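**Q** Got a structure for you, questions after.
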Amino acid sequence: MQMQKTILRGPAKARRGLARMLIIACLPIALAGCEHDRVGPQVAGWQLIDPEQRHPILVSQQPAVLNLHVAAGSEGLTPSQRSRVIDFIDRHRASDAGNSRFVISAPAGSSNEAAAMDAASDTRRLILGGGYADSSIANEAYHASGRDAPLRISYLRYVAEGPECGRDWSENLARAYQNTPYPNFGCSSQRNLAAMVSNPADLLGPRTMTPSDANRRFKMYEKYVKGETLGASDEKVTFVKPISQ
């Protein structure tokens, strides 16, 4: 038995070709509609949900000021004022002021102008005695009137300001299907870190290195040039025998 092949001619052939074109054109739309619920590969926390980015700690420089009231007729700083200046210098060193210079502002035009200038000279000597270079000190004068205008010592220090927490509860955690942190996540940790850090400059980057000990380095280099053994062979360690009870 032989099968007969139907041959389409004229309008019927045109209608069949048009139907095929419509099917091919609609096929991508149908496939896209079937994949709208498919979730692609994701990384938890990849959006702006990192606590350090969502709740940043703002580090800025603000002036630290020490006012010393110098009486007219006094000669330099009093012992109490010297102690306050030394403590102020130590706080500058501990806060890593970031190459911030000391600024000594003396009054001009007041009745204690001469006494304040003597106190400013004492302050400069104390700063130099603390190991600071002469270039790290700046002197200036400000106009003052009346009596006992203060001698001002200042520098810029780093201050850390934590974020405000507990304000954004817009997300319903029962419907957080992506399992990503909620808006307030990590805010309290950032705020506590800003309050507890002893040196806010550490949040910006590592501290500068202190100068190396050149004495020991040159000694090791001399041994290297002579071909000697590098080490502390000439140093002896003495062990103390514990006292028996």
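By convention in this document, the chains of the structure tokens carry letters A, B, ... by their order, each chain's residues are numbered from 1, and ligands are numbered from 1 in the order they are shown.
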Apply DSSP to the structure's backbone, then extract all residues of stretch 32-223 of chain A labelled strand (DSSP E or B) and return them as an NGL selection string.
**A** :A and (58-69 or 102-108 or 137-143 or 150-161)
**Q** Would you mind exporting the chosen residues as a PDB file, in the first residue's frame, restricted to C-alpha atoms?
**A**
```pdb
ATOM      1  CA  LEU A  58      32.811  58.240  60.092  1.00  0.00           C
ATOM      2  CA  VAL A  59      36.356  59.244  61.061  1.00  0.00           C
ATOM      3  CA  SER A  60      37.180  62.932  60.983  1.00  0.00           C
ATOM      4  CA  GLN A  61      39.720  65.315  62.443  1.00  0.00           C
ATOM      5  CA  GLN A  62      38.605  67.709  65.149  1.00  0.00           C
ATOM      6  CA  PRO A  63      40.678  70.156  67.180  1.00  0.00           C
ATOM      7  CA  ALA A  64      41.832  69.342  70.702  1.00  0.00           C
ATOM      8  CA  VAL A  65      42.451  72.544  72.645  1.00  0.00           C
ATOM      9  CA  LEU A  66      44.174  73.256  75.954  1.00  0.00           C
ATOM     10  CA  ASN A  67      43.585  76.706  77.451  1.00  0.00           C
ATOM     11  CA  LEU A  68      46.072  77.994  80.019  1.00  0.00           C
ATOM     12  CA  HIS A  69      45.206  81.153  81.936  1.00  0.00           C
ATOM     13  CA  PHE A 102      51.001  71.734  67.614  1.00  0.00           C
ATOM     14  CA  VAL A 103      49.680  75.272  67.334  1.00  0.00           C
ATOM     15  CA  ILE A 104      50.623  77.632  70.173  1.00  0.00           C
ATOM     16  CA  SER A 105      48.366  80.721  70.110  1.00  0.00           C
ATOM     17  CA  ALA A 106      49.463  83.582  72.348  1.00  0.00           C
ATOM     18  CA  PRO A 107      47.291  86.651  73.065  1.00  0.00           C
ATOM     19  CA  ALA A 108      48.318  90.023  71.685  1.00  0.00           C
ATOM     20  CA  ILE A 137      55.263  73.345  66.170  1.00  0.00           C
ATOM     21  CA  ALA A 138      53.585  76.493  64.868  1.00  0.00           C
ATOM     22  CA  ASN A 139      53.314  79.792  66.730  1.00  0.00           C
ATOM     23  CA  GLU A 140      50.653  82.376  66.111  1.00  0.00           C
ATOM     24  CA  ALA A 141      49.067  85.343  67.841  1.00  0.00           C
ATOM     25  CA  TYR A 142      45.441  86.314  68.218  1.00  0.00           C
ATOM     26  CA  HIS A 143      43.981  89.651  69.210  1.00  0.00           C
ATOM     27  CA  PRO A 150      44.394  82.338  77.760  1.00  0.00           C
ATOM     28  CA  LEU A 151      47.357  80.731  76.059  1.00  0.00           C
ATOM     29  CA  ARG A 152      45.928  78.165  73.648  1.00  0.00           C
ATOM     30  CA  ILE A 153      47.621  74.936  72.592  1.00  0.00           C
ATOM     31  CA  SER A 154      45.845  72.850  69.970  1.00  0.00           C
ATOM     32  CA  TYR A 155      46.236  70.051  67.451  1.00  0.00           C
ATOM     33  CA  LEU A 156      43.927  68.019  65.216  1.00  0.00           C
ATOM     34  CA  ARG A 157      42.895  64.619  66.539  1.00  0.00           C
ATOM     35  CA  TYR A 158      40.929  61.801  64.948  1.00  0.00           C
ATOM     36  CA  VAL A 159      37.372  61.231  66.170  1.00  0.00           C
ATOM     37  CA  ALA A 160      35.193  58.210  65.304  1.00  0.00           C
ATOM     38  CA  GLU A 161      31.430  58.682  65.019  1.00  0.00           C
TER      39      GLU A 161
END
```
**Q** Among stretch 73-207 of chain A, which ones does DSSP place in alpha helix (DSSP H), written as a VMD selection string?
**A** chain A and resid 79 to 94 113 to 129 187 to 196
**Q** So which one's closest to A:Gly162, A:Pro56, A:Gly227, A:Pro181, A:Pro51? Using only C-alpha atoms, please.
**A**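 Closest candidate: A:Pro56.
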**Q** Which neighbours of A:Ala94 fall inside 12 Å, counting only C-alpha atoms, when residues of the same chain fewer than 6 positions from it are skipped, and could you give them as an NGL selection string?
**A** :A and (87-88 or 157-158 or 198-202 or 207)
**Q** How would the residues just picked look written out with C-alpha atoms as a CSV table (one decimal), in the first residue's frame?
**A**
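Written file, again-v3.csv:
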```csv
chain,number,residue,atom,x,y,z
A,87,ASP,CA,49.7,65.3,79.7
A,88,PHE,CA,48.4,67.1,76.6
A,157,ARG,CA,42.9,64.6,66.5
A,158,TYR,CA,40.9,61.8,64.9
A,198,SER,CA,41.4,53.9,71.5
A,199,ASN,CA,42.9,55.4,68.3
A,200,PRO,CA,40.4,56.2,65.6
A,201,ALA,CA,43.2,56.6,63.1
A,202,ASP,CA,43.6,52.8,63.1
A,207,ARG,CA,50.3,53.4,61.6
```
**Q** Quick one, how far is atom CA of A:Pro206 from atom CA of A:Leu128?
**A**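 Calculated distance between atom CA of A:Pro206 and atom CA of A:Leu128 is 25.6 Å.
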**Q** When distances are computed from only C-alpha atoms, which of A:Ile57, A:Ala149, A:Ala120, A:Ile86 shows the smallest separation from A:Glu164?
**A** A:Ile57
**Q** One decimal, Å: what's the distance from atom CA of A:Ser136 over to atom CA of A:Arg101, could you say?
**A**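 Atom CA of A:Arg101 lies at a distance of 4.6 Å from atom CA of A:Ser136.
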